[in-house]
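**Student:** Below you'll find final23.csv; it's CSV, C-alpha atoms (C1' of nucleotides).
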chain,number,residue,atom,x,y,z
A,77,MET,CA,-49.2,-98.9,-97.4
A,78,THR,CA,-52.1,-96.5,-97.6
A,79,GLN,CA,-52.0,-93.5,-99.9
A,80,THR,CA,-49.4,-91.0,-98.8
A,81,ILE,CA,-49.9,-87.8,-100.7
A,82,LYS,CA,-50.0,-85.6,-97.6
A,83,ALA,CA,-47.6,-82.7,-97.7
A,84,GLY,CA,-44.0,-83.8,-97.2
A,85,ALA,CA,-45.2,-87.1,-95.9
A,86,SER,CA,-43.0,-90.0,-97.2
A,87,ALA,CA,-40.5,-91.5,-99.6
A,88,ALA,CA,-37.5,-89.6,-100.9
A,89,LYS,CA,-38.3,-87.3,-103.7
A,90,GLN,CA,-34.8,-86.0,-104.2
A,91,PRO,CA,-32.1,-88.6,-104.2
A,92,LEU,CA,-29.5,-85.9,-103.4
A,93,ALA,CA,-31.5,-84.8,-100.4
A,94,ARG,CA,-31.7,-88.3,-99.2
A,95,ASP,CA,-28.0,-88.9,-99.5
A,96,VAL,CA,-27.1,-85.7,-97.7
A,97,ARG,CA,-29.5,-86.5,-94.9
A,98,GLN,CA,-28.2,-90.0,-94.5
A,99,ARG,CA,-24.6,-88.9,-94.6
A,100,LEU,CA,-25.1,-86.2,-92.0
A,101,ALA,CA,-27.2,-88.6,-89.9
A,102,ALA,CA,-24.3,-91.0,-89.9
A,103,ALA,CA,-22.0,-88.3,-88.7
A,104,GLY,CA,-24.5,-87.4,-86.0
A,105,GLY,CA,-24.6,-91.0,-85.0
A,106,ARG,CA,-20.8,-91.1,-84.5
A,107,THR,CA,-20.9,-88.0,-82.4
A,108,SER,CA,-23.6,-89.1,-80.1
A,109,HIS,CA,-21.9,-92.5,-79.8
A,110,ASP,CA,-18.8,-90.7,-78.7
A,111,LEU,CA,-20.8,-88.9,-76.2
A,112,GLY,CA,-22.0,-92.2,-74.8
A,113,LEU,CA,-25.6,-91.8,-75.9
A,114,GLY,CA,-25.6,-94.5,-78.5
A,115,ARG,CA,-25.5,-94.1,-82.2
A,116,ILE,CA,-29.1,-94.2,-83.1
A,117,VAL,CA,-30.0,-91.2,-81.0
A,118,GLY,CA,-27.7,-88.9,-83.0
A,119,GLN,CA,-28.8,-90.4,-86.3
A,120,MET,CA,-32.4,-89.7,-85.5
A,121,LEU,CA,-31.9,-86.3,-84.2
A,122,VAL,CA,-30.0,-85.2,-87.3
A,123,TYR,CA,-32.4,-86.9,-89.6
A,124,LEU,CA,-35.4,-85.1,-88.0
A,125,TYR,CA,-33.5,-81.8,-88.0
A,126,LEU,CA,-33.0,-82.2,-91.7
A,127,TRP,CA,-36.6,-83.2,-92.4
A,128,ASP,CA,-39.1,-80.5,-93.2
A,129,GLY,CA,-42.1,-81.1,-91.0
A,130,ASP,CA,-43.2,-84.1,-89.0
A,131,CYS,CA,-42.0,-87.6,-89.5
A,132,SER,CA,-43.3,-91.0,-88.4
A,133,LEU,CA,-41.2,-93.6,-86.7
A,134,ASP,CA,-41.9,-95.9,-89.6
A,135,GLN,CA,-40.3,-93.6,-92.0
A,136,ILE,CA,-37.2,-93.0,-89.8
A,137,ALA,CA,-36.7,-96.7,-89.4
A,138,GLU,CA,-37.0,-97.4,-93.0
A,139,ASP,CA,-34.9,-94.5,-94.2
A,140,LEU,CA,-32.1,-95.1,-91.8
A,141,GLY,CA,-32.3,-98.9,-92.1
A,142,LEU,CA,-33.0,-99.5,-88.5
A,143,SER,CA,-35.5,-101.7,-86.6
A,144,LYS,CA,-38.6,-100.1,-85.3
A,145,ALA,CA,-37.6,-101.3,-81.8
A,146,ALA,CA,-34.5,-99.2,-81.8
A,147,VAL,CA,-36.2,-96.2,-83.3
A,148,SER,CA,-39.0,-96.4,-80.7
A,149,VAL,CA,-36.6,-96.5,-77.8
A,150,SER,CA,-34.4,-93.7,-79.1
A,151,ALA,CA,-37.4,-91.5,-79.9
A,152,ARG,CA,-38.4,-91.6,-76.3
A,153,GLN,CA,-34.9,-90.9,-75.2
A,154,LEU,CA,-34.7,-87.9,-77.4
A,155,GLU,CA,-38.1,-86.6,-76.3
A,156,HIS,CA,-37.1,-87.0,-72.7
A,157,LEU,CA,-34.0,-85.0,-73.4
A,158,GLY,CA,-36.1,-82.3,-74.9
A,159,MET,CA,-34.6,-82.5,-78.3
A,160,ILE,CA,-37.7,-83.6,-80.2
A,161,ARG,CA,-41.5,-83.4,-79.6
A,162,ARG,CA,-44.4,-85.5,-80.6
A,163,THR,CA,-47.1,-84.3,-83.0
A,164,TRP,CA,-50.4,-85.8,-84.1
A,165,ARG,CA,-52.2,-86.2,-87.3
A,166,GLU,CA,-55.9,-86.8,-87.7
A,167,SER,CA,-57.0,-90.3,-88.5
A,168,ASP,CA,-53.5,-91.6,-88.3
A,169,ARG,CA,-52.5,-93.5,-85.2
A,170,ARG,CA,-48.8,-93.4,-85.9
A,171,LYS,CA,-46.5,-91.3,-83.7
A,172,TYR,CA,-45.0,-88.3,-85.4
A,173,TYR,CA,-42.0,-86.4,-84.2
A,174,ARG,CA,-40.2,-83.2,-85.1
A,175,THR,CA,-37.2,-81.4,-83.7
A,176,VAL,CA,-38.0,-78.9,-81.0
A,177,ASP,CA,-37.9,-75.3,-82.2
A,178,ASN,CA,-34.7,-74.4,-80.3
A,179,VAL,CA,-32.7,-77.6,-80.9
A,180,GLY,CA,-29.4,-75.7,-80.7
A,181,VAL,CA,-30.1,-74.5,-77.2
A,182,ALA,CA,-31.4,-77.9,-76.1
A,183,LEU,CA,-28.4,-79.6,-77.5
A,184,ARG,CA,-26.0,-77.4,-75.7
A,185,GLN,CA,-27.9,-77.8,-72.4
A,186,GLY,CA,-27.9,-81.5,-72.9
A,187,VAL,CA,-24.2,-81.7,-73.5
A,188,LEU,CA,-23.5,-79.5,-70.5
A,189,SER,CA,-25.7,-81.6,-68.3
A,190,ILE,CA,-23.8,-84.7,-69.4
A,191,LEU,CA,-20.6,-83.0,-68.5
A,192,ARG,CA,-21.9,-82.0,-65.1
A,193,ASN,CA,-23.1,-85.5,-64.3
A,194,LYS,CA,-19.7,-86.9,-65.0
A,195,ILE,CA,-18.0,-84.3,-62.9
A,196,GLU,CA,-20.5,-84.9,-60.2
A,197,ALA,CA,-19.6,-88.6,-60.1
A,198,MET,CA,-16.0,-87.6,-59.4
A,199,ALA,CA,-17.1,-85.0,-56.9
A,200,VAL,CA,-18.8,-87.6,-54.8
A,201,GLU,CA,-15.7,-89.7,-54.6
A,202,LEU,CA,-13.5,-86.8,-53.8
A,203,ASP,CA,-15.8,-85.9,-50.9
A,204,ALA,CA,-15.8,-89.4,-49.6
A,205,ALA,CA,-12.0,-89.5,-49.8
A,206,HIS,CA,-11.8,-86.2,-48.0
A,207,ALA,CA,-14.0,-87.4,-45.2
A,208,ALA,CA,-12.1,-90.7,-44.8
A,209,LEU,CA,-8.8,-88.8,-44.6
A,210,LYS,CA,-10.1,-86.3,-42.1
A,211,THR,CA,-10.9,-89.1,-39.8
A,212,GLY,CA,-7.5,-90.8,-40.0
A,213,ALA,CA,-4.5,-89.7,-38.1
A,214,ARG,CA,-2.9,-86.6,-39.4
A,215,ALA,CA,0.5,-87.6,-38.0
A,216,ASP,CA,1.4,-89.8,-40.9
A,217,ALA,CA,3.3,-88.2,-43.8
A,218,GLU,CA,1.7,-90.3,-46.5
A,219,LEU,CA,-1.8,-89.5,-45.3
A,220,GLN,CA,-0.9,-85.8,-45.2
A,221,PHE,CA,0.3,-85.8,-48.7
A,222,LEU,CA,-2.8,-87.6,-49.9
A,223,ALA,CA,-5.0,-85.2,-48.0
A,224,GLY,CA,-3.2,-82.3,-49.7
A,225,ARG,CA,-3.8,-83.7,-53.2
A,226,VAL,CA,-7.4,-84.5,-52.6
A,227,LYS,CA,-7.8,-80.9,-51.4
A,228,ARG,CA,-6.2,-79.6,-54.6
A,229,ALA,CA,-8.4,-81.8,-56.7
A,230,LYS,CA,-11.5,-80.5,-54.9
A,231,VAL,CA,-10.5,-76.9,-55.7
A,232,LEU,CA,-10.1,-77.9,-59.3
A,233,ARG,CA,-13.4,-79.5,-59.4
A,234,ASP,CA,-15.2,-76.6,-57.7
A,235,ARG,CA,-13.7,-74.2,-60.2
A,236,THR,CA,-14.8,-76.3,-63.1
A,237,GLN,CA,-18.3,-76.7,-61.7
A,238,GLN,CA,-18.5,-73.0,-61.2
A,239,MET,CA,-17.4,-72.3,-64.7
A,240,LEU,CA,-19.9,-74.7,-66.1
A,241,GLY,CA,-22.5,-72.9,-64.1
A,242,HIS,CA,-22.1,-69.2,-64.9
A,243,PRO,CA,-20.0,-68.1,-67.8
A,244,LEU,CA,-20.8,-70.8,-70.2
A,245,LEU,CA,-24.5,-70.6,-69.9
A,246,ALA,CA,-24.3,-66.8,-70.1
A,247,LEU,CA,-22.2,-67.2,-73.3
A,248,LEU,CA,-24.2,-70.0,-74.8
A,249,LEU,CA,-27.8,-69.6,-74.1
A,250,PRO,CA,-28.3,-66.2,-75.8
A,251,SER,CA,-27.6,-67.7,-79.2
A,252,ARG,CA,-30.8,-68.7,-80.9
B,50,MET,CA,12.7,-108.3,-55.3
B,51,THR,CA,15.8,-106.4,-54.2
B,52,GLN,CA,15.8,-104.2,-51.1
B,53,THR,CA,13.4,-101.3,-51.3
B,54,ILE,CA,14.1,-98.9,-48.5
B,55,LYS,CA,14.5,-95.9,-50.7
B,56,ALA,CA,12.3,-93.0,-49.7
B,57,GLY,CA,8.6,-93.6,-50.7
B,58,ALA,CA,9.6,-96.5,-52.8
B,59,SER,CA,7.2,-99.3,-52.6
B,60,ALA,CA,4.4,-101.3,-50.8
B,61,ALA,CA,1.6,-99.7,-49.0
B,62,LYS,CA,2.5,-98.5,-45.6
B,63,GLN,CA,-0.9,-97.1,-44.8
B,64,PRO,CA,-3.9,-99.3,-45.7
B,65,LEU,CA,-6.1,-96.3,-45.5
B,66,ALA,CA,-4.0,-94.4,-48.0
B,67,ARG,CA,-4.0,-97.4,-50.3
B,68,ASP,CA,-7.8,-97.7,-50.1
B,69,VAL,CA,-8.3,-94.0,-50.8
B,70,ARG,CA,-6.0,-94.2,-53.8
B,71,GLN,CA,-7.6,-97.2,-55.3
B,72,ARG,CA,-11.1,-95.9,-54.8
B,73,LEU,CA,-10.3,-92.5,-56.5
B,74,ALA,CA,-8.3,-94.3,-59.2
B,75,ALA,CA,-11.4,-96.3,-60.0
B,76,ALA,CA,-13.4,-93.1,-60.2
B,77,GLY,CA,-10.8,-91.7,-62.6
B,78,GLY,CA,-11.0,-94.8,-64.6
B,79,ARG,CA,-14.7,-94.4,-65.1
B,80,THR,CA,-14.3,-90.8,-66.1
B,81,SER,CA,-11.6,-91.4,-68.7
B,82,HIS,CA,-13.6,-94.3,-70.0
B,83,ASP,CA,-16.6,-92.1,-70.5
B,84,LEU,CA,-14.3,-89.7,-72.3
B,85,GLY,CA,-13.4,-92.4,-74.7
B,86,LEU,CA,-9.8,-92.8,-73.5
B,87,GLY,CA,-10.1,-96.2,-71.9
B,88,ARG,CA,-10.3,-97.0,-68.2
B,89,ILE,CA,-6.7,-97.7,-67.4
B,90,VAL,CA,-5.5,-94.3,-68.5
B,91,GLY,CA,-7.6,-92.6,-65.9
B,92,GLN,CA,-6.8,-95.1,-63.2
B,93,MET,CA,-3.1,-94.6,-63.7
B,94,LEU,CA,-3.3,-90.8,-63.9
B,95,VAL,CA,-5.1,-90.6,-60.6
B,96,TYR,CA,-2.9,-93.1,-59.0
B,97,LEU,CA,0.2,-91.2,-60.0
B,98,TYR,CA,-1.4,-87.9,-58.9
B,99,LEU,CA,-2.0,-89.4,-55.5
B,100,TRP,CA,1.5,-90.9,-55.2
B,101,ASP,CA,4.2,-88.9,-53.5
B,102,GLY,CA,7.2,-89.0,-55.8
B,103,ASP,CA,8.1,-91.4,-58.7
B,104,CYS,CA,6.5,-94.7,-59.3
B,105,SER,CA,7.5,-97.7,-61.3
B,106,LEU,CA,5.3,-99.5,-63.8
B,107,ASP,CA,5.6,-102.6,-61.7
B,108,GLN,CA,4.1,-100.9,-58.7
B,109,ILE,CA,1.2,-99.5,-60.6
B,110,ALA,CA,0.3,-102.8,-62.2
B,111,GLU,CA,0.4,-104.6,-58.9
B,112,ASP,CA,-1.4,-102.0,-56.9
B,113,LEU,CA,-4.2,-101.5,-59.4
B,114,GLY,CA,-4.4,-105.2,-60.2
B,115,LEU,CA,-3.6,-104.7,-63.9
B,116,SER,CA,-1.4,-106.5,-66.3
B,117,LYS,CA,2.0,-105.0,-67.1
B,118,ALA,CA,1.0,-104.9,-70.7
B,119,ALA,CA,-1.9,-102.6,-70.1
B,120,VAL,CA,0.1,-100.4,-67.8
B,121,SER,CA,2.9,-100.1,-70.3
B,122,VAL,CA,0.7,-99.0,-73.1
B,123,SER,CA,-1.3,-96.6,-71.1
B,124,ALA,CA,1.8,-95.0,-69.6
B,125,ARG,CA,3.0,-94.1,-73.1
B,126,GLN,CA,-0.3,-92.8,-73.9
B,127,LEU,CA,-0.3,-90.6,-70.9
B,128,GLU,CA,3.2,-89.4,-71.5
B,129,HIS,CA,2.3,-88.6,-75.1
B,130,LEU,CA,-0.7,-86.6,-73.8
B,131,GLY,CA,1.7,-84.6,-71.6
B,132,MET,CA,0.0,-85.8,-68.4
B,133,ILE,CA,2.9,-87.7,-66.9
B,134,ARG,CA,6.7,-87.7,-67.4
B,135,ARG,CA,9.4,-90.2,-67.1
B,136,THR,CA,12.1,-90.1,-64.5
B,137,TRP,CA,15.2,-92.2,-63.8
B,138,ARG,CA,16.9,-93.7,-60.8
B,139,GLU,CA,20.5,-94.7,-60.6
B,140,SER,CA,21.2,-98.4,-60.9
B,141,ASP,CA,17.6,-99.2,-61.6
B,142,ARG,CA,16.6,-100.0,-65.1
B,143,ARG,CA,12.9,-99.8,-64.4
B,144,LYS,CA,10.8,-96.9,-65.8
B,145,TYR,CA,9.6,-94.5,-63.3
B,146,TYR,CA,6.8,-92.0,-63.9
B,147,ARG,CA,5.2,-89.1,-62.1
B,148,THR,CA,2.5,-86.6,-62.9
B,149,VAL,CA,3.6,-83.5,-64.7
B,150,ASP,CA,3.8,-80.4,-62.5
B,151,ASN,CA,0.7,-78.7,-64.0
B,152,VAL,CA,-1.6,-81.7,-64.4
B,153,GLY,CA,-4.6,-79.5,-64.0
B,154,VAL,CA,-3.8,-77.4,-67.0
B,155,ALA,CA,-2.7,-80.4,-69.1
B,156,LEU,CA,-5.9,-82.2,-68.2
B,157,ARG,CA,-8.1,-79.3,-69.3
B,158,GLN,CA,-6.2,-78.8,-72.5
B,159,GLY,CA,-6.6,-82.5,-73.2
B,160,VAL,CA,-10.3,-82.5,-72.6
B,161,LEU,CA,-10.7,-79.4,-74.8
B,162,SER,CA,-8.7,-80.9,-77.5
B,163,ILE,CA,-10.8,-84.1,-77.5
B,164,LEU,CA,-13.9,-81.9,-77.7
B,165,ARG,CA,-12.5,-79.9,-80.6
B,166,ASN,CA,-11.7,-83.1,-82.5
B,167,LYS,CA,-15.2,-84.4,-82.2
B,168,ILE,CA,-16.6,-81.1,-83.4
B,169,GLU,CA,-14.2,-81.1,-86.3
B,170,ALA,CA,-15.4,-84.5,-87.5
B,171,MET,CA,-18.9,-83.1,-87.7
B,172,ALA,CA,-17.6,-79.9,-89.3
B,173,VAL,CA,-16.1,-81.8,-92.2
B,174,GLU,CA,-19.3,-83.5,-93.0
B,175,LEU,CA,-21.2,-80.2,-92.8
B,176,ASP,CA,-18.9,-78.7,-95.3
B,177,ALA,CA,-19.3,-81.6,-97.6
B,178,ALA,CA,-23.0,-81.4,-97.4
B,179,HIS,CA,-22.9,-77.7,-98.1
B,180,ALA,CA,-20.8,-78.2,-101.2
B,181,ALA,CA,-23.0,-81.0,-102.5
B,182,LEU,CA,-26.1,-78.8,-102.1
B,183,LYS,CA,-24.6,-75.8,-103.6
B,184,THR,CA,-24.0,-77.7,-106.8
B,185,GLY,CA,-27.5,-79.1,-106.9
B,186,ALA,CA,-30.5,-77.2,-108.4
B,187,ARG,CA,-31.8,-74.5,-106.1
B,188,ALA,CA,-35.3,-74.7,-107.7
B,189,ASP,CA,-36.3,-77.7,-105.6
B,190,ALA,CA,-38.1,-76.9,-102.3
B,191,GLU,CA,-36.7,-79.9,-100.4
B,192,LEU,CA,-33.2,-79.0,-101.4
B,193,GLN,CA,-33.7,-75.4,-100.3
B,194,PHE,CA,-34.9,-76.5,-96.9
B,195,LEU,CA,-32.0,-78.8,-96.5
B,196,ALA,CA,-29.5,-76.1,-97.5
B,197,GLY,CA,-31.1,-73.8,-95.0
B,198,ARG,CA,-30.7,-76.3,-92.2
B,199,VAL,CA,-27.1,-77.1,-93.1
B,200,LYS,CA,-26.3,-73.4,-93.0
B,201,ARG,CA,-27.8,-73.0,-89.6
B,202,ALA,CA,-25.9,-76.0,-88.4
B,203,LYS,CA,-22.7,-74.5,-89.7
B,204,VAL,CA,-23.4,-71.3,-87.8
B,205,LEU,CA,-23.9,-73.2,-84.7
B,206,ARG,CA,-20.7,-75.1,-85.2
B,207,ASP,CA,-18.7,-72.0,-85.9
B,208,ARG,CA,-20.0,-70.4,-82.8
B,209,THR,CA,-19.1,-73.4,-80.7
B,210,GLN,CA,-15.6,-73.6,-82.2
B,211,GLN,CA,-15.1,-69.9,-81.5
B,212,MET,CA,-16.2,-70.3,-78.0
B,213,LEU,CA,-13.9,-73.3,-77.4
B,214,GLY,CA,-11.1,-71.1,-78.8
B,215,HIS,CA,-11.3,-67.9,-76.8
B,216,PRO,CA,-13.3,-67.5,-73.6
B,217,LEU,CA,-12.8,-71.0,-72.3
B,218,LEU,CA,-9.0,-70.9,-72.6
B,219,ALA,CA,-9.0,-67.5,-71.1
B,220,LEU,CA,-11.0,-68.7,-68.2
B,221,LEU,CA,-9.3,-72.0,-67.7
B,222,LEU,CA,-5.7,-71.6,-68.3
B,223,PRO,CA,-4.9,-68.9,-65.7
B,224,SER,CA,-5.8,-71.3,-62.9
B,225,ARG,CA,-2.7,-73.1,-61.6
C,66,DT,C1',-66.4,-103.8,-77.0
C,67,DA,C1',-63.9,-105.9,-80.7
C,68,DT,C1',-60.2,-105.4,-83.8
C,69,DA,C1',-56.5,-104.1,-86.3
C,70,DA,C1',-52.6,-101.1,-86.6
C,71,DA,C1',-48.9,-99.3,-84.4
C,72,DA,C1',-45.6,-99.0,-80.3
C,73,DT,C1',-43.1,-101.2,-76.8
C,74,DT,C1',-40.6,-104.8,-74.3
C,75,DC,C1',-37.3,-108.4,-73.8
C,76,DA,C1',-34.2,-112.2,-74.6
C,77,DC,C1',-30.4,-113.0,-77.2
C,78,DA,C1',-27.2,-112.7,-81.2
C,79,DC,C1',-23.8,-109.9,-83.0
C,80,DT,C1',-20.1,-106.4,-83.0
C,81,DT,C1',-16.8,-103.8,-80.9
C,82,DT,C1',-13.8,-102.8,-77.4
C,83,DT,C1',-10.7,-103.9,-73.8
C,84,DC,C1',-7.5,-106.7,-71.3
C,85,DT,C1',-4.4,-110.4,-70.5
C,86,DG,C1',-0.6,-113.9,-70.9
C,87,DA,C1',3.1,-115.5,-73.4
C,88,DA,C1',6.8,-114.6,-76.3
C,89,DA,C1',10.0,-111.4,-78.3
C,90,DG,C1',12.8,-107.3,-77.7
C,91,DT,C1',15.7,-103.9,-74.9
C,92,DT,C1',18.8,-102.4,-71.8
C,93,DC,C1',22.4,-102.4,-68.6
C,94,DA,C1',25.7,-104.3,-65.0
C,95,DC,C1',29.1,-107.3,-65.0
D,277,DG,C1',29.6,-110.3,-75.0
D,278,DT,C1',26.3,-112.6,-71.6
D,279,DG,C1',22.6,-112.8,-68.7
D,280,DA,C1',19.1,-110.9,-65.7
D,281,DA,C1',15.6,-107.5,-65.2
D,282,DC,C1',12.2,-104.8,-67.5
D,283,DT,C1',9.4,-103.4,-71.3
D,284,DT,C1',6.8,-104.0,-75.4
D,285,DT,C1',4.1,-106.5,-78.9
D,286,DC,C1',0.5,-109.3,-80.3
D,287,DA,C1',-3.0,-112.9,-80.8
D,288,DG,C1',-6.9,-114.0,-79.0
D,289,DA,C1',-10.1,-114.5,-74.7
D,290,DA,C1',-13.4,-111.9,-72.0
D,291,DA,C1',-16.5,-108.2,-71.3
D,292,DA,C1',-19.4,-104.4,-72.9
D,293,DG,C1',-22.3,-102.5,-75.6
D,294,DT,C1',-25.8,-102.5,-79.4
D,295,DG,C1',-29.5,-103.7,-82.3
D,296,DT,C1',-33.0,-107.1,-83.8
D,297,DG,C1',-37.2,-110.0,-84.2
D,298,DA,C1',-40.9,-112.2,-81.9
D,299,DA,C1',-44.2,-111.6,-78.7
D,300,DT,C1',-46.9,-108.4,-75.9
D,301,DT,C1',-49.2,-104.3,-74.9
D,302,DT,C1',-51.3,-100.0,-76.2
D,303,DT,C1',-54.4,-97.1,-78.9
D,304,DA,C1',-57.9,-95.4,-81.8
D,305,DT,C1',-61.5,-96.3,-84.5
D,306,DA,C1',-65.9,-98.7,-85.9
Would you mind writing the structure in this file as structure tokens?
**Tutor:**
Amino acid sequence: MTQTIKAGASAAKQPLARDVRQRLAAAGGRTSHDLGLGRIVGQMLVYLYLWDGDCSLDQIAEDLGLSKAAVSVSARQLEHLGMIRRTWRESDRRKYYRTVDNVGVALRQGVLSILRNKIEAMAVELDAAHAALKTGARADAELQFLAGRVKRAKVLRDRTQQMLGHPLLALLLPSR
Amino acid sequence: MTQTIKAGASAAKQPLARDVRQRLAAAGGRTSHDLGLGRIVGQMLVYLYLWDGDCSLDQIAEDLGLSKAAVSVSARQLEHLGMIRRTWRESDRRKYYRTVDNVGVALRQGVLSILRNKIEAMAVELDAAHAALKTGARADAELQFLAGRVKRAKVLRDRTQQMLGHPLLALLLPSR
DNA sequence: TATAAAATTCACACTTTTCTGAAAGTTCAC
DNA sequence: GTGAACTTTCAGAAAAGTGTGAATTTTATA
């Protein structure tokens, strides 16, 4: 590699720092995996959060023991999610990234949006069921029961959606 | 099979009803899968929710096209989670299940508890990191930065945990 | 414009997760 | 007790999901 004496540029200076970063990155990986976003996304986000300044894809790949391919894909995903942003350095064609200033907020919004999507998927099905049942005869007892349950579920869903809309955001977003 | 003329006992009477149930069950399966609980759990819960009265494992397995094995395991899981409860019928050694009366509440509590667990996993790591850094020298700039970030993350985590404690429960549980 | 360094894409190998079928275990009516 | 009807367990097949390396494309300089 070329000389790398730029401020905070490369290679672990403190082994302790490196350990801590890797350990927390692993934890982040588990979390994001559980959220259905893949492990690497979480690893990278935590790694960048714990890195002072900008960081090249190269470095991330090497430090976390991942392929450049995986890092490249996840970087774009994270950027798209608004968790990290790209930066440039003169006479260096590598891509550098850093966490967005308000990662906390972005994170919560992201999680909420995932939740909303999942609820929305169910919502669509419920509406379809509702429509199908409305069409059908309302003389049949089984159909009536079904219609009742679907209705109750819709109420539940609406309430949840509402809740995810107002109070949570009001409660969450103010925090820096 | 033996005669099955008991009220609401077996076999689909209404094809429409059967379709609606299966479709919504599939949606539930996807949701629970996303939550990391496996597909069948969600399928079964929705199926039972949409079934008027008690339901045997046999019937569920047949109607959803699943093996008895899978159904048996998931039934216990759901029972353990407090989402369904077992019922009996005279001179019938099969196991019957039905959704608990307040499925909505149980569901929300379940989801919240899953969330809390995931956060807790991260919390442990953060504390470990905090401890490790406190021990290390505080002269080093890199370590100081790291410690600062860990601290901020802890604040975030505490806030989230708090929020999952109070306001949500207050908002969610009152609904029937 | 040529070229070299880096990023990206893609087919596929690997890992993990999920489900099933067969066998063993329970339970209850007789 | 015995046997028939269910349930449960478990090994391993099938399916999903992930990550990698080789090849390709992009990009920035000279």
**Student:** Can I get the residues of chain B within 7 Å of chain A, each with the closest pair of atoms and their distance in Å to one decimal, using only C-alpha atoms, sorted chain first then ascending number, as a Markdown table?
**Tutor:**
| residue | atom | partner | partner_atom | distance |
| --- | --- | --- | --- | --- |
| B:Ala66 | CA | A:Leu219 | CA | 6.0 |
| B:Val69 | CA | A:Ala205 | CA | 5.9 |
| B:Leu73 | CA | A:Glu201 | CA | 6.4 |
| B:Ala76 | CA | A:Met198 | CA | 6.1 |
| B:Thr80 | CA | A:Lys194 | CA | 6.8 |
| B:Asp83 | CA | A:Gly112 | CA | 6.9 |
| B:Gly85 | CA | A:Asp110 | CA | 6.9 |
| B:Leu99 | CA | A:Leu222 | CA | 5.9 |
| B:Asp101 | CA | A:Phe221 | CA | 6.9 |
| B:Lys167 | CA | A:Thr107 | CA | 6.7 |
| B:Met171 | CA | A:Ala103 | CA | 6.1 |
| B:Glu174 | CA | A:Leu100 | CA | 6.5 |
| B:Ala178 | CA | A:Val96 | CA | 5.9 |
| B:Leu192 | CA | A:Ala93 | CA | 6.1 |
| B:Phe194 | CA | A:Asp128 | CA | 6.9 |
| B:Leu195 | CA | A:Leu126 | CA | 6.0 |
| B:Arg198 | CA | A:Leu126 | CA | 6.4 |
**Student:** Please indicate the distance in Å from CA of Thr175 in chain A to CA of Ala137 in chain A, rounded to one decimal place.
**Tutor:**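 Rounded to one decimal, the two atoms are 16.3 Å apart.
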**Student:** With a cut-off of 12 Å, could you pull out the residues of chain C touching chain A and give me the nearest pair of atoms for each, distance in Å to one decimal, using all atoms listed in the file, ordered by chain and ascending number, as JSON lines?
**Tutor:**
{"residue": "C:DA69", "atom": "C1'", "partner": "A:Arg169", "partner_atom": "CA", "distance": 11.4}
{"residue": "C:DA70", "atom": "C1'", "partner": "A:Arg169", "partner_atom": "CA", "distance": 7.7}
{"residue": "C:DA71", "atom": "C1'", "partner": "A:Arg170", "partner_atom": "CA", "distance": 6.1}
{"residue": "C:DA72", "atom": "C1'", "partner": "A:Ser148", "partner_atom": "CA", "distance": 7.1}
{"residue": "C:DT73", "atom": "C1'", "partner": "A:Ser148", "partner_atom": "CA", "distance": 7.4}
{"residue": "C:DT74", "atom": "C1'", "partner": "A:Ala145", "partner_atom": "CA", "distance": 8.8}
{"residue": "C:DC75", "atom": "C1'", "partner": "A:Ala145", "partner_atom": "CA", "distance": 10.7}
**Student:** Near chain B, meaning an atom within 9 Å, which residues of chain D appear when counting only C-alpha atoms (C1' of nucleotides)? Write them as a PyMOL selection string.
**Tutor:** chain D and resi 281-285
**Student:** Within 10 Å of DT85 in chain C, counting all atoms listed in the file, which residues qualify if same-chain residues fewer than 4 places away don't, as a count of residues only?
**Tutor:** 8
**Student:** To one decimal in Å, tell me the separation between CA of Gly78 in chain B and C1' of DA88 in chain C.
**Tutor:**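 Between CA of Gly78 in chain B and C1' of DA88 in chain C the gap works out to 29.1 Å.
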**Student:** Between CA of Val149 in chain B and CA of Gln237 in chain A, measure the distance and give it in Å to one decimal.
**Tutor:**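 So the answer is 23.1 Å.
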